[in-house]
Amino acid sequence: MKPSAHIHIKRIYDPPAPEDGCRVLVDRLWPRGIAKANAPWDEWDKQTAPSTELRQWFNHDPAKWEEFRKRYFAELGQSPEAVRHLQSLAAQGPLTLLYAARDTEHNEAAVLKDYLLAHADSPCNQQEKQAP
């Protein structure tokens with residue numbers, strides 16, 4: 001099974017589960033109602049979150065979803081190191097991308113998962129796998 005098949009998304013407010021594996025928050029902003037001392041994740045990866053400008057433009061409006069996906073894919077293409085880091089985590093075992101949005105379909109974690117799956121076998125990722 002491809003490592004990328006182990007990528008999941010989940011709301012940060014849902015309880016952690018053993019099958020989550022490595023839990024990475026992919027929001028740029030700290031989620032409301034979560035104390036930093038009780039943060040239920042392994043990493044907070046702001047580098048792969050949508051830019052402030054894109055996040056504010058999208059404003060969780062489903063009518064802007066397809067354009068948001070295109071713009072966010074373009075932004076992710078400008079962050080190859082951050083993307084490779086998530087791909088590396090997925091290669092080690094289950095990876096759960098966490099988000100705070102209420103909408104379980106139209107959120108940055110869903111786009112990020114699709115991006116990681118689409119680029120799992122990219123030449124950049126292959127070079128990293130071959131490096132000693």
# chains A, B, ... in the order shown; residues from 1 in each chain; ligands from 1
>>> residues_around(residues="Tyr72 in chain A", least_positions_apart="3", cutoff="10 Å", atoms="only C-alpha atoms", output="PDB file with all heavy atoms, in the first residue's frame")
ATOM      1  N   THR A  48       2.281  24.946   5.506  1.00  0.00           N
ATOM      2  CA  THR A  48       1.445  24.420   4.426  1.00  0.00           C
ATOM      3  C   THR A  48       0.018  24.967   4.469  1.00  0.00           C
ATOM      4  O   THR A  48      -0.796  24.624   3.615  1.00  0.00           O
ATOM      5  CB  THR A  48       1.393  22.878   4.460  1.00  0.00           C
ATOM      6  OG1 THR A  48       0.979  22.459   5.751  1.00  0.00           O
ATOM      7  CG2 THR A  48       2.738  22.281   4.119  1.00  0.00           C
ATOM      8  N   ALA A  49      -0.281  25.807   5.443  1.00  0.00           N
ATOM      9  CA  ALA A  49      -1.614  26.402   5.524  1.00  0.00           C
ATOM     10  C   ALA A  49      -1.780  27.448   4.414  1.00  0.00           C
ATOM     11  O   ALA A  49      -0.800  28.033   3.952  1.00  0.00           O
ATOM     12  CB  ALA A  49      -1.810  27.063   6.890  1.00  0.00           C
ATOM     13  N   PRO A  50      -3.010  27.706   3.989  1.00  0.00           N
ATOM     14  CA  PRO A  50      -3.227  28.755   2.986  1.00  0.00           C
ATOM     15  C   PRO A  50      -2.747  30.106   3.527  1.00  0.00           C
ATOM     16  O   PRO A  50      -2.797  30.344   4.735  1.00  0.00           O
ATOM     17  CB  PRO A  50      -4.744  28.776   2.785  1.00  0.00           C
ATOM     18  CG  PRO A  50      -5.249  27.511   3.363  1.00  0.00           C
ATOM     19  CD  PRO A  50      -4.261  27.069   4.395  1.00  0.00           C
ATOM     20  N   SER A  51      -2.305  30.969   2.629  1.00  0.00           N
ATOM     21  CA  SER A  51      -1.880  32.304   3.034  1.00  0.00           C
ATOM     22  C   SER A  51      -3.057  33.038   3.688  1.00  0.00           C
ATOM     23  O   SER A  51      -4.227  32.692   3.468  1.00  0.00           O
ATOM     24  CB  SER A  51      -1.395  33.100   1.826  1.00  0.00           C
ATOM     25  OG  SER A  51      -2.478  33.334   0.933  1.00  0.00           O
ATOM     26  N   LEU A  54      -5.394  34.322   0.995  1.00  0.00           N
ATOM     27  CA  LEU A  54      -6.255  33.302   0.392  1.00  0.00           C
ATOM     28  C   LEU A  54      -7.337  32.861   1.375  1.00  0.00           C
ATOM     29  O   LEU A  54      -8.497  32.712   0.999  1.00  0.00           O
ATOM     30  CB  LEU A  54      -5.422  32.105  -0.073  1.00  0.00           C
ATOM     31  CG  LEU A  54      -6.199  30.975  -0.739  1.00  0.00           C
ATOM     32  CD1 LEU A  54      -7.003  31.472  -1.939  1.00  0.00           C
ATOM     33  CD2 LEU A  54      -5.247  29.855  -1.143  1.00  0.00           C
ATOM     34  N   ARG A  55      -6.952  32.660   2.620  1.00  0.00           N
ATOM     35  CA  ARG A  55      -7.915  32.236   3.642  1.00  0.00           C
ATOM     36  C   ARG A  55      -9.029  33.280   3.795  1.00  0.00           C
ATOM     37  O   ARG A  55     -10.215  32.940   3.846  1.00  0.00           O
ATOM     38  CB  ARG A  55      -7.184  32.027   4.976  1.00  0.00           C
ATOM     39  CG  ARG A  55      -8.061  31.558   6.101  1.00  0.00           C
ATOM     40  CD  ARG A  55      -7.273  31.395   7.387  1.00  0.00           C
ATOM     41  NE  ARG A  55      -6.456  32.544   7.740  1.00  0.00           N
ATOM     42  CZ  ARG A  55      -6.920  33.651   8.307  1.00  0.00           C
ATOM     43  NH1 ARG A  55      -8.188  33.784   8.576  1.00  0.00           N
ATOM     44  NH2 ARG A  55      -6.103  34.648   8.597  1.00  0.00           N
ATOM     45  N   GLU A  66     -13.869  25.697  -5.840  1.00  0.00           N
ATOM     46  CA  GLU A  66     -13.001  25.264  -6.941  1.00  0.00           C
ATOM     47  C   GLU A  66     -11.859  26.251  -7.171  1.00  0.00           C
ATOM     48  O   GLU A  66     -10.710  25.845  -7.384  1.00  0.00           O
ATOM     49  CB  GLU A  66     -13.796  25.039  -8.222  1.00  0.00           C
ATOM     50  CG  GLU A  66     -14.684  23.807  -8.170  1.00  0.00           C
ATOM     51  CD  GLU A  66     -13.927  22.528  -7.817  1.00  0.00           C
ATOM     52  OE1 GLU A  66     -12.803  22.316  -8.310  1.00  0.00           O
ATOM     53  OE2 GLU A  66     -14.468  21.732  -7.026  1.00  0.00           O
ATOM     54  N   GLU A  67     -12.149  27.533  -7.095  1.00  0.00           N
ATOM     55  CA  GLU A  67     -11.086  28.531  -7.265  1.00  0.00           C
ATOM     56  C   GLU A  67     -10.123  28.497  -6.076  1.00  0.00           C
ATOM     57  O   GLU A  67      -8.906  28.645  -6.252  1.00  0.00           O
ATOM     58  CB  GLU A  67     -11.679  29.932  -7.426  1.00  0.00           C
ATOM     59  CG  GLU A  67     -10.647  31.014  -7.683  1.00  0.00           C
ATOM     60  CD  GLU A  67      -9.851  30.830  -8.979  1.00  0.00           C
ATOM     61  OE1 GLU A  67     -10.335  30.173  -9.918  1.00  0.00           O
ATOM     62  OE2 GLU A  67      -8.717  31.363  -9.047  1.00  0.00           O
ATOM     63  N   PHE A  68     -10.648  28.289  -4.880  1.00  0.00           N
ATOM     64  CA  PHE A  68      -9.793  28.149  -3.698  1.00  0.00           C
ATOM     65  C   PHE A  68      -8.822  26.981  -3.888  1.00  0.00           C
ATOM     66  O   PHE A  68      -7.628  27.105  -3.615  1.00  0.00           O
ATOM     67  CB  PHE A  68     -10.643  27.947  -2.444  1.00  0.00           C
ATOM     68  CG  PHE A  68      -9.838  27.608  -1.213  1.00  0.00           C
ATOM     69  CD1 PHE A  68      -9.094  28.584  -0.564  1.00  0.00           C
ATOM     70  CD2 PHE A  68      -9.830  26.318  -0.707  1.00  0.00           C
ATOM     71  CE1 PHE A  68      -8.347  28.274   0.572  1.00  0.00           C
ATOM     72  CE2 PHE A  68      -9.093  25.998   0.425  1.00  0.00           C
ATOM     73  CZ  PHE A  68      -8.340  26.985   1.056  1.00  0.00           C
ATOM     74  N   ARG A  69      -9.346  25.854  -4.356  1.00  0.00           N
ATOM     75  CA  ARG A  69      -8.494  24.671  -4.584  1.00  0.00           C
ATOM     76  C   ARG A  69      -7.362  25.007  -5.558  1.00  0.00           C
ATOM     77  O   ARG A  69      -6.207  24.672  -5.303  1.00  0.00           O
ATOM     78  CB  ARG A  69      -9.311  23.504  -5.141  1.00  0.00           C
ATOM     79  CG  ARG A  69     -10.213  22.834  -4.137  1.00  0.00           C
ATOM     80  CD  ARG A  69     -11.015  21.692  -4.768  1.00  0.00           C
ATOM     81  NE  ARG A  69     -10.177  20.741  -5.459  1.00  0.00           N
ATOM     82  CZ  ARG A  69      -9.549  19.710  -4.864  1.00  0.00           C
ATOM     83  NH1 ARG A  69      -9.687  19.508  -3.577  1.00  0.00           N
ATOM     84  NH2 ARG A  69      -8.808  18.885  -5.574  1.00  0.00           N
ATOM     85  N   GLU A  75      -0.194  27.754  -4.291  1.00  0.00           N
ATOM     86  CA  GLU A  75       0.609  28.113  -3.120  1.00  0.00           C
ATOM     87  C   GLU A  75       1.437  26.929  -2.625  1.00  0.00           C
ATOM     88  O   GLU A  75       2.609  27.090  -2.285  1.00  0.00           O
ATOM     89  CB  GLU A  75      -0.286  28.620  -1.976  1.00  0.00           C
ATOM     90  CG  GLU A  75      -0.834  30.001  -2.198  1.00  0.00           C
ATOM     91  CD  GLU A  75      -1.564  30.558  -0.984  1.00  0.00           C
ATOM     92  OE1 GLU A  75      -1.680  29.872   0.053  1.00  0.00           O
ATOM     93  OE2 GLU A  75      -2.028  31.712  -1.087  1.00  0.00           O
ATOM     94  N   LEU A  76       0.839  25.760  -2.591  1.00  0.00           N
ATOM     95  CA  LEU A  76       1.569  24.576  -2.133  1.00  0.00           C
ATOM     96  C   LEU A  76       2.751  24.270  -3.048  1.00  0.00           C
ATOM     97  O   LEU A  76       3.790  23.796  -2.587  1.00  0.00           O
ATOM     98  CB  LEU A  76       0.624  23.376  -2.038  1.00  0.00           C
ATOM     99  CG  LEU A  76      -0.383  23.452  -0.894  1.00  0.00           C
ATOM    100  CD1 LEU A  76      -1.480  22.406  -1.072  1.00  0.00           C
ATOM    101  CD2 LEU A  76       0.305  23.309   0.456  1.00  0.00           C
ATOM    102  N   GLY A  77       2.594  24.560  -4.323  1.00  0.00           N
ATOM    103  CA  GLY A  77       3.690  24.369  -5.261  1.00  0.00           C
ATOM    104  C   GLY A  77       4.885  25.260  -4.966  1.00  0.00           C
ATOM    105  O   GLY A  77       6.006  24.971  -5.381  1.00  0.00           O
ATOM    106  N   GLN A  78       4.649  26.332  -4.225  1.00  0.00           N
ATOM    107  CA  GLN A  78       5.724  27.252  -3.840  1.00  0.00           C
ATOM    108  C   GLN A  78       6.369  26.863  -2.510  1.00  0.00           C
ATOM    109  O   GLN A  78       7.270  27.552  -2.037  1.00  0.00           O
ATOM    110  CB  GLN A  78       5.172  28.685  -3.752  1.00  0.00           C
ATOM    111  CG  GLN A  78       4.600  29.205  -5.054  1.00  0.00           C
ATOM    112  CD  GLN A  78       5.637  29.223  -6.160  1.00  0.00           C
ATOM    113  OE1 GLN A  78       6.739  29.716  -5.990  1.00  0.00           O
ATOM    114  NE2 GLN A  78       5.280  28.664  -7.313  1.00  0.00           N
ATOM    115  N   GLU A 108      -9.144  23.524   4.165  1.00  0.00           N
ATOM    116  CA  GLU A 108      -7.782  23.413   3.641  1.00  0.00           C
ATOM    117  C   GLU A 108      -7.192  22.023   3.790  1.00  0.00           C
ATOM    118  O   GLU A 108      -6.390  21.591   2.962  1.00  0.00           O
ATOM    119  CB  GLU A 108      -6.855  24.457   4.281  1.00  0.00           C
ATOM    120  CG  GLU A 108      -6.553  24.235   5.750  1.00  0.00           C
ATOM    121  CD  GLU A 108      -7.612  24.786   6.685  1.00  0.00           C
ATOM    122  OE1 GLU A 108      -8.662  25.273   6.230  1.00  0.00           O
ATOM    123  OE2 GLU A 108      -7.384  24.711   7.892  1.00  0.00           O
ATOM    124  N   VAL A 111      -8.035  19.904   0.762  1.00  0.00           N
ATOM    125  CA  VAL A 111      -7.234  20.273  -0.411  1.00  0.00           C
ATOM    126  C   VAL A 111      -5.799  19.782  -0.240  1.00  0.00           C
ATOM    127  O   VAL A 111      -5.209  19.222  -1.173  1.00  0.00           O
ATOM    128  CB  VAL A 111      -7.251  21.799  -0.633  1.00  0.00           C
ATOM    129  CG1 VAL A 111      -6.385  22.178  -1.840  1.00  0.00           C
ATOM    130  CG2 VAL A 111      -8.665  22.308  -0.825  1.00  0.00           C
ATOM    131  N   LEU A 112      -5.250  19.965   0.946  1.00  0.00           N
ATOM    132  CA  LEU A 112      -3.877  19.535   1.203  1.00  0.00           C
ATOM    133  C   LEU A 112      -3.732  18.021   1.028  1.00  0.00           C
ATOM    134  O   LEU A 112      -2.766  17.542   0.429  1.00  0.00           O
ATOM    135  CB  LEU A 112      -3.447  19.968   2.604  1.00  0.00           C
ATOM    136  CG  LEU A 112      -2.029  19.617   3.037  1.00  0.00           C
ATOM    137  CD1 LEU A 112      -0.993  20.102   2.037  1.00  0.00           C
ATOM    138  CD2 LEU A 112      -1.763  20.178   4.424  1.00  0.00           C
ATOM    139  N   TYR A 115      -3.656  17.327  -2.611  1.00  0.00           N
ATOM    140  CA  TYR A 115      -2.374  17.738  -3.168  1.00  0.00           C
ATOM    141  C   TYR A 115      -1.298  16.695  -2.861  1.00  0.00           C
ATOM    142  O   TYR A 115      -0.530  16.307  -3.741  1.00  0.00           O
ATOM    143  CB  TYR A 115      -1.965  19.106  -2.612  1.00  0.00           C
ATOM    144  CG  TYR A 115      -0.726  19.658  -3.257  1.00  0.00           C
ATOM    145  CD1 TYR A 115      -0.817  20.456  -4.393  1.00  0.00           C
ATOM    146  CD2 TYR A 115       0.539  19.393  -2.751  1.00  0.00           C
ATOM    147  CE1 TYR A 115       0.326  20.965  -5.006  1.00  0.00           C
ATOM    148  CE2 TYR A 115       1.686  19.892  -3.356  1.00  0.00           C
ATOM    149  CZ  TYR A 115       1.568  20.682  -4.476  1.00  0.00           C
ATOM    150  OH  TYR A 115       2.703  21.169  -5.087  1.00  0.00           O
TER     151      TYR A 115
END
>>> select_by_dssp(residues="chain A", states="strand (DSSP E or B)", output="compact mmCIF listing (two decimals) with all heavy atoms, in the first residue's frame")
# COMPACT_ATOMS: atom_id res chain seq x y z
N ILE A 7 -3.12 8.88 4.55
CA ILE A 7 -3.39 10.28 4.89
C ILE A 7 -4.88 10.45 5.13
O ILE A 7 -5.70 10.10 4.29
CB ILE A 7 -2.90 11.22 3.77
CG1 ILE A 7 -1.41 11.03 3.53
CG2 ILE A 7 -3.22 12.67 4.12
CD1 ILE A 7 -0.87 11.79 2.34
N HIS A 8 -5.20 11.01 6.30
CA HIS A 8 -6.59 11.23 6.69
C HIS A 8 -6.76 12.70 7.08
O HIS A 8 -5.78 13.39 7.35
CB HIS A 8 -6.95 10.36 7.89
CG HIS A 8 -6.56 8.92 7.72
ND1 HIS A 8 -7.27 8.04 6.95
CD2 HIS A 8 -5.50 8.23 8.20
CE1 HIS A 8 -6.67 6.87 6.97
NE2 HIS A 8 -5.59 6.96 7.73
N ILE A 9 -8.01 13.15 7.14
CA ILE A 9 -8.29 14.48 7.67
C ILE A 9 -9.31 14.35 8.79
O ILE A 9 -10.13 13.41 8.80
CB ILE A 9 -8.78 15.48 6.59
CG1 ILE A 9 -10.13 15.06 6.00
CG2 ILE A 9 -7.74 15.62 5.48
CD1 ILE A 9 -10.76 16.12 5.11
N LYS A 10 -9.24 15.29 9.74
CA LYS A 10 -10.10 15.21 10.91
C LYS A 10 -10.20 16.59 11.55
O LYS A 10 -9.23 17.35 11.54
CB LYS A 10 -9.47 14.22 11.88
CG LYS A 10 -10.31 13.79 13.03
CD LYS A 10 -9.55 12.69 13.80
CE LYS A 10 -10.44 11.96 14.76
NZ LYS A 10 -9.72 10.89 15.47
N ARG A 11 -11.35 16.90 12.12
CA ARG A 11 -11.49 18.16 12.87
C ARG A 11 -10.67 18.08 14.15
O ARG A 11 -10.63 17.05 14.81
CB ARG A 11 -12.95 18.43 13.24
CG ARG A 11 -13.76 18.93 12.06
CD ARG A 11 -15.07 19.55 12.49
NE ARG A 11 -14.83 20.90 12.95
CZ ARG A 11 -15.47 21.47 13.97
NH1 ARG A 11 -16.37 20.82 14.65
NH2 ARG A 11 -15.19 22.70 14.31
N CYS A 22 0.43 10.13 13.22
CA CYS A 22 0.96 11.47 13.46
C CYS A 22 -0.13 12.49 13.14
O CYS A 22 -0.69 12.50 12.05
CB CYS A 22 2.19 11.70 12.58
SG CYS A 22 2.98 13.29 12.86
N ARG A 23 -0.43 13.33 14.11
CA ARG A 23 -1.49 14.34 13.97
C ARG A 23 -0.86 15.71 13.76
O ARG A 23 -0.12 16.18 14.61
CB ARG A 23 -2.37 14.33 15.21
CG ARG A 23 -3.14 13.03 15.39
CD ARG A 23 -3.75 12.90 16.78
NE ARG A 23 -4.52 14.05 17.20
CZ ARG A 23 -5.83 14.23 16.98
NH1 ARG A 23 -6.51 13.30 16.33
NH2 ARG A 23 -6.45 15.31 17.41
N VAL A 24 -1.17 16.34 12.61
CA VAL A 24 -0.57 17.62 12.26
C VAL A 24 -1.67 18.65 12.02
O VAL A 24 -2.51 18.47 11.13
CB VAL A 24 0.32 17.49 11.00
CG1 VAL A 24 0.92 18.83 10.62
CG2 VAL A 24 1.42 16.46 11.23
N LEU A 25 -1.65 19.72 12.81
CA LEU A 25 -2.57 20.83 12.61
C LEU A 25 -2.09 21.63 11.40
O LEU A 25 -0.93 22.02 11.34
CB LEU A 25 -2.61 21.73 13.86
CG LEU A 25 -3.46 22.99 13.75
CD1 LEU A 25 -4.94 22.65 13.58
CD2 LEU A 25 -3.25 23.87 14.98
N GLU A 43 2.31 18.08 15.72
CA GLU A 43 2.95 19.25 15.09
C GLU A 43 1.90 20.27 14.70
O GLU A 43 0.75 19.92 14.44
CB GLU A 43 3.70 18.84 13.81
CG GLU A 43 4.89 17.99 14.00
CD GLU A 43 5.62 17.74 12.68
OE1 GLU A 43 5.49 18.55 11.73
OE2 GLU A 43 6.32 16.73 12.61
N TRP A 44 2.35 21.51 14.60
CA TRP A 44 1.53 22.59 14.05
C TRP A 44 2.30 23.08 12.83
O TRP A 44 3.36 23.69 12.96
CB TRP A 44 1.32 23.68 15.07
CG TRP A 44 0.47 24.83 14.60
CD1 TRP A 44 -0.37 24.87 13.52
CD2 TRP A 44 0.35 26.10 15.23
NE1 TRP A 44 -1.00 26.08 13.43
CE2 TRP A 44 -0.57 26.86 14.47
CE3 TRP A 44 0.93 26.69 16.34
CZ2 TRP A 44 -0.93 28.16 14.80
CZ3 TRP A 44 0.57 27.98 16.67
CH2 TRP A 44 -0.34 28.71 15.91
N LEU A 95 -0.96 9.45 8.77
CA LEU A 95 -0.85 10.89 8.95
C LEU A 95 -2.26 11.46 8.95
O LEU A 95 -3.03 11.21 8.01
CB LEU A 95 -0.03 11.52 7.83
CG LEU A 95 0.00 13.05 7.77
CD1 LEU A 95 0.69 13.62 9.01
CD2 LEU A 95 0.70 13.51 6.50
N THR A 96 -2.59 12.21 9.98
CA THR A 96 -3.90 12.86 10.04
C THR A 96 -3.70 14.37 10.02
O THR A 96 -3.01 14.92 10.88
CB THR A 96 -4.68 12.44 11.31
OG1 THR A 96 -4.87 11.02 11.26
CG2 THR A 96 -6.04 13.12 11.37
N LEU A 97 -4.28 15.01 9.01
CA LEU A 97 -4.23 16.45 8.87
C LEU A 97 -5.42 17.03 9.62
O LEU A 97 -6.56 16.69 9.33
CB LEU A 97 -4.28 16.84 7.39
CG LEU A 97 -3.23 16.19 6.49
CD1 LEU A 97 -3.49 16.53 5.03
CD2 LEU A 97 -1.83 16.59 6.91
N LEU A 98 -5.14 17.90 10.56
CA LEU A 98 -6.19 18.45 11.43
C LEU A 98 -6.55 19.86 11.03
O LEU A 98 -5.68 20.66 10.65
CB LEU A 98 -5.70 18.45 12.88
CG LEU A 98 -5.29 17.09 13.44
CD1 LEU A 98 -4.58 17.26 14.77
CD2 LEU A 98 -6.50 16.20 13.60
N TYR A 99 -7.84 20.19 11.11
CA TYR A 99 -8.35 21.52 10.77
C TYR A 99 -9.43 21.90 11.77
O TYR A 99 -10.01 21.05 12.43
CB TYR A 99 -8.90 21.52 9.34
CG TYR A 99 -10.08 20.60 9.17
CD1 TYR A 99 -11.37 21.08 9.29
CD2 TYR A 99 -9.91 19.23 8.91
CE1 TYR A 99 -12.47 20.22 9.17
CE2 TYR A 99 -10.99 18.38 8.79
CZ TYR A 99 -12.26 18.88 8.91
OH TYR A 99 -13.33 18.04 8.80
>>> closest_residue(among="A:Leu86, A:Ile12, A:Val26, A:Ile34", to="Ala110 in chain A", atoms="only C-alpha atoms")
A:Val26
>>> residues_around(residues="His106 in chain A", least_positions_apart="2", cutoff="9 Å", atoms="only C-alpha atoms", output="short mmCIF file (atom, residue, chain, number, x, y, z; two decimals) with all heavy atoms, in the first residue's frame")
data_model
loop_
_atom_site.label_atom_id
_atom_site.label_comp_id
_atom_site.auth_asym_id
_atom_site.auth_seq_id
_atom_site.Cartn_x
_atom_site.Cartn_y
_atom_site.Cartn_z
N HIS A 60 -14.50 30.43 3.77
CA HIS A 60 -15.32 29.22 3.89
C HIS A 60 -16.61 29.28 3.07
O HIS A 60 -17.64 28.74 3.46
CB HIS A 60 -15.63 28.90 5.35
CG HIS A 60 -14.40 28.69 6.16
ND1 HIS A 60 -13.63 27.56 6.06
CD2 HIS A 60 -13.76 29.50 7.04
CE1 HIS A 60 -12.60 27.66 6.87
NE2 HIS A 60 -12.64 28.83 7.46
N ASP A 61 -16.53 29.93 1.91
CA ASP A 61 -17.67 30.07 1.01
C ASP A 61 -17.62 28.93 -0.02
O ASP A 61 -16.76 28.93 -0.90
CB ASP A 61 -17.62 31.42 0.31
CG ASP A 61 -18.76 31.64 -0.66
OD1 ASP A 61 -19.58 30.71 -0.88
OD2 ASP A 61 -18.85 32.76 -1.21
N PRO A 62 -18.53 27.94 0.08
CA PRO A 62 -18.51 26.81 -0.87
C PRO A 62 -18.58 27.24 -2.34
O PRO A 62 -18.09 26.53 -3.21
CB PRO A 62 -19.73 25.99 -0.48
CG PRO A 62 -19.97 26.32 0.96
CD PRO A 62 -19.57 27.78 1.09
N TRP A 65 -15.16 27.37 -3.76
CA TRP A 65 -14.37 26.17 -3.50
C TRP A 65 -13.40 25.80 -4.62
O TRP A 65 -12.21 25.58 -4.37
CB TRP A 65 -15.31 25.00 -3.19
CG TRP A 65 -14.62 23.71 -2.96
CD1 TRP A 65 -14.74 22.57 -3.70
CD2 TRP A 65 -13.69 23.38 -1.91
NE1 TRP A 65 -13.95 21.56 -3.17
CE2 TRP A 65 -13.30 22.05 -2.07
CE3 TRP A 65 -13.15 24.11 -0.85
CZ2 TRP A 65 -12.40 21.41 -1.23
CZ3 TRP A 65 -12.26 23.48 0.00
CH2 TRP A 65 -11.89 22.14 -0.19
N ALA A 101 -12.07 24.18 10.88
CA ALA A 101 -13.29 24.62 10.18
C ALA A 101 -14.48 23.70 10.48
O ALA A 101 -14.30 22.49 10.67
CB ALA A 101 -13.06 24.66 8.67
N ARG A 102 -15.67 24.27 10.49
CA ARG A 102 -16.88 23.47 10.72
C ARG A 102 -17.26 22.63 9.51
O ARG A 102 -17.83 21.56 9.65
CB ARG A 102 -18.04 24.40 11.07
CG ARG A 102 -17.93 25.02 12.43
CD ARG A 102 -19.19 25.81 12.79
NE ARG A 102 -19.01 26.47 14.06
CZ ARG A 102 -19.04 27.77 14.24
NH1 ARG A 102 -19.27 28.56 13.22
NH2 ARG A 102 -18.86 28.29 15.43
N ASP A 103 -16.94 23.15 8.33
CA ASP A 103 -17.28 22.46 7.09
C ASP A 103 -16.30 21.31 6.87
O ASP A 103 -15.10 21.52 6.67
CB ASP A 103 -17.22 23.45 5.93
CG ASP A 103 -17.78 22.88 4.63
OD1 ASP A 103 -17.72 21.65 4.42
OD2 ASP A 103 -18.25 23.69 3.81
N THR A 104 -16.82 20.09 6.89
CA THR A 104 -15.95 18.91 6.78
C THR A 104 -15.57 18.59 5.34
O THR A 104 -14.72 17.73 5.12
CB THR A 104 -16.63 17.68 7.41
OG1 THR A 104 -17.88 17.44 6.75
CG2 THR A 104 -16.87 17.89 8.90
N GLU A 108 -9.14 23.52 4.17
CA GLU A 108 -7.78 23.41 3.64
C GLU A 108 -7.19 22.02 3.79
O GLU A 108 -6.39 21.59 2.96
CB GLU A 108 -6.86 24.46 4.28
CG GLU A 108 -6.55 24.23 5.75
CD GLU A 108 -7.61 24.79 6.69
OE1 GLU A 108 -8.66 25.27 6.23
OE2 GLU A 108 -7.38 24.71 7.89
N ALA A 109 -7.56 21.28 4.82
CA ALA A 109 -7.01 19.94 5.01
C ALA A 109 -7.44 19.01 3.86
O ALA A 109 -6.65 18.18 3.41
CB ALA A 109 -7.43 19.36 6.36
N ALA A 110 -8.66 19.17 3.38
CA ALA A 110 -9.14 18.34 2.26
C ALA A 110 -8.32 18.63 1.00
O ALA A 110 -7.93 17.71 0.27
CB ALA A 110 -10.62 18.60 2.01
N VAL A 111 -8.04 19.90 0.76
CA VAL A 111 -7.23 20.27 -0.41
C VAL A 111 -5.80 19.78 -0.24
O VAL A 111 -5.21 19.22 -1.17
CB VAL A 111 -7.25 21.80 -0.63
CG1 VAL A 111 -6.38 22.18 -1.84
CG2 VAL A 111 -8.67 22.31 -0.82
#
>>> atom_distance(atom1="CA of Trp57 in chain A", atom2="CA of Asp42 in chain A")
28.8 Å
>>> select_by_dssp(residues="range 5-130 of chain A", states="helix (DSSP H, G or I)", output="count of residues only")
66
>>> atom_distance(atom1="CA of His6 in chain A", atom2="CA of Pro94 in chain A")
4.6 Å
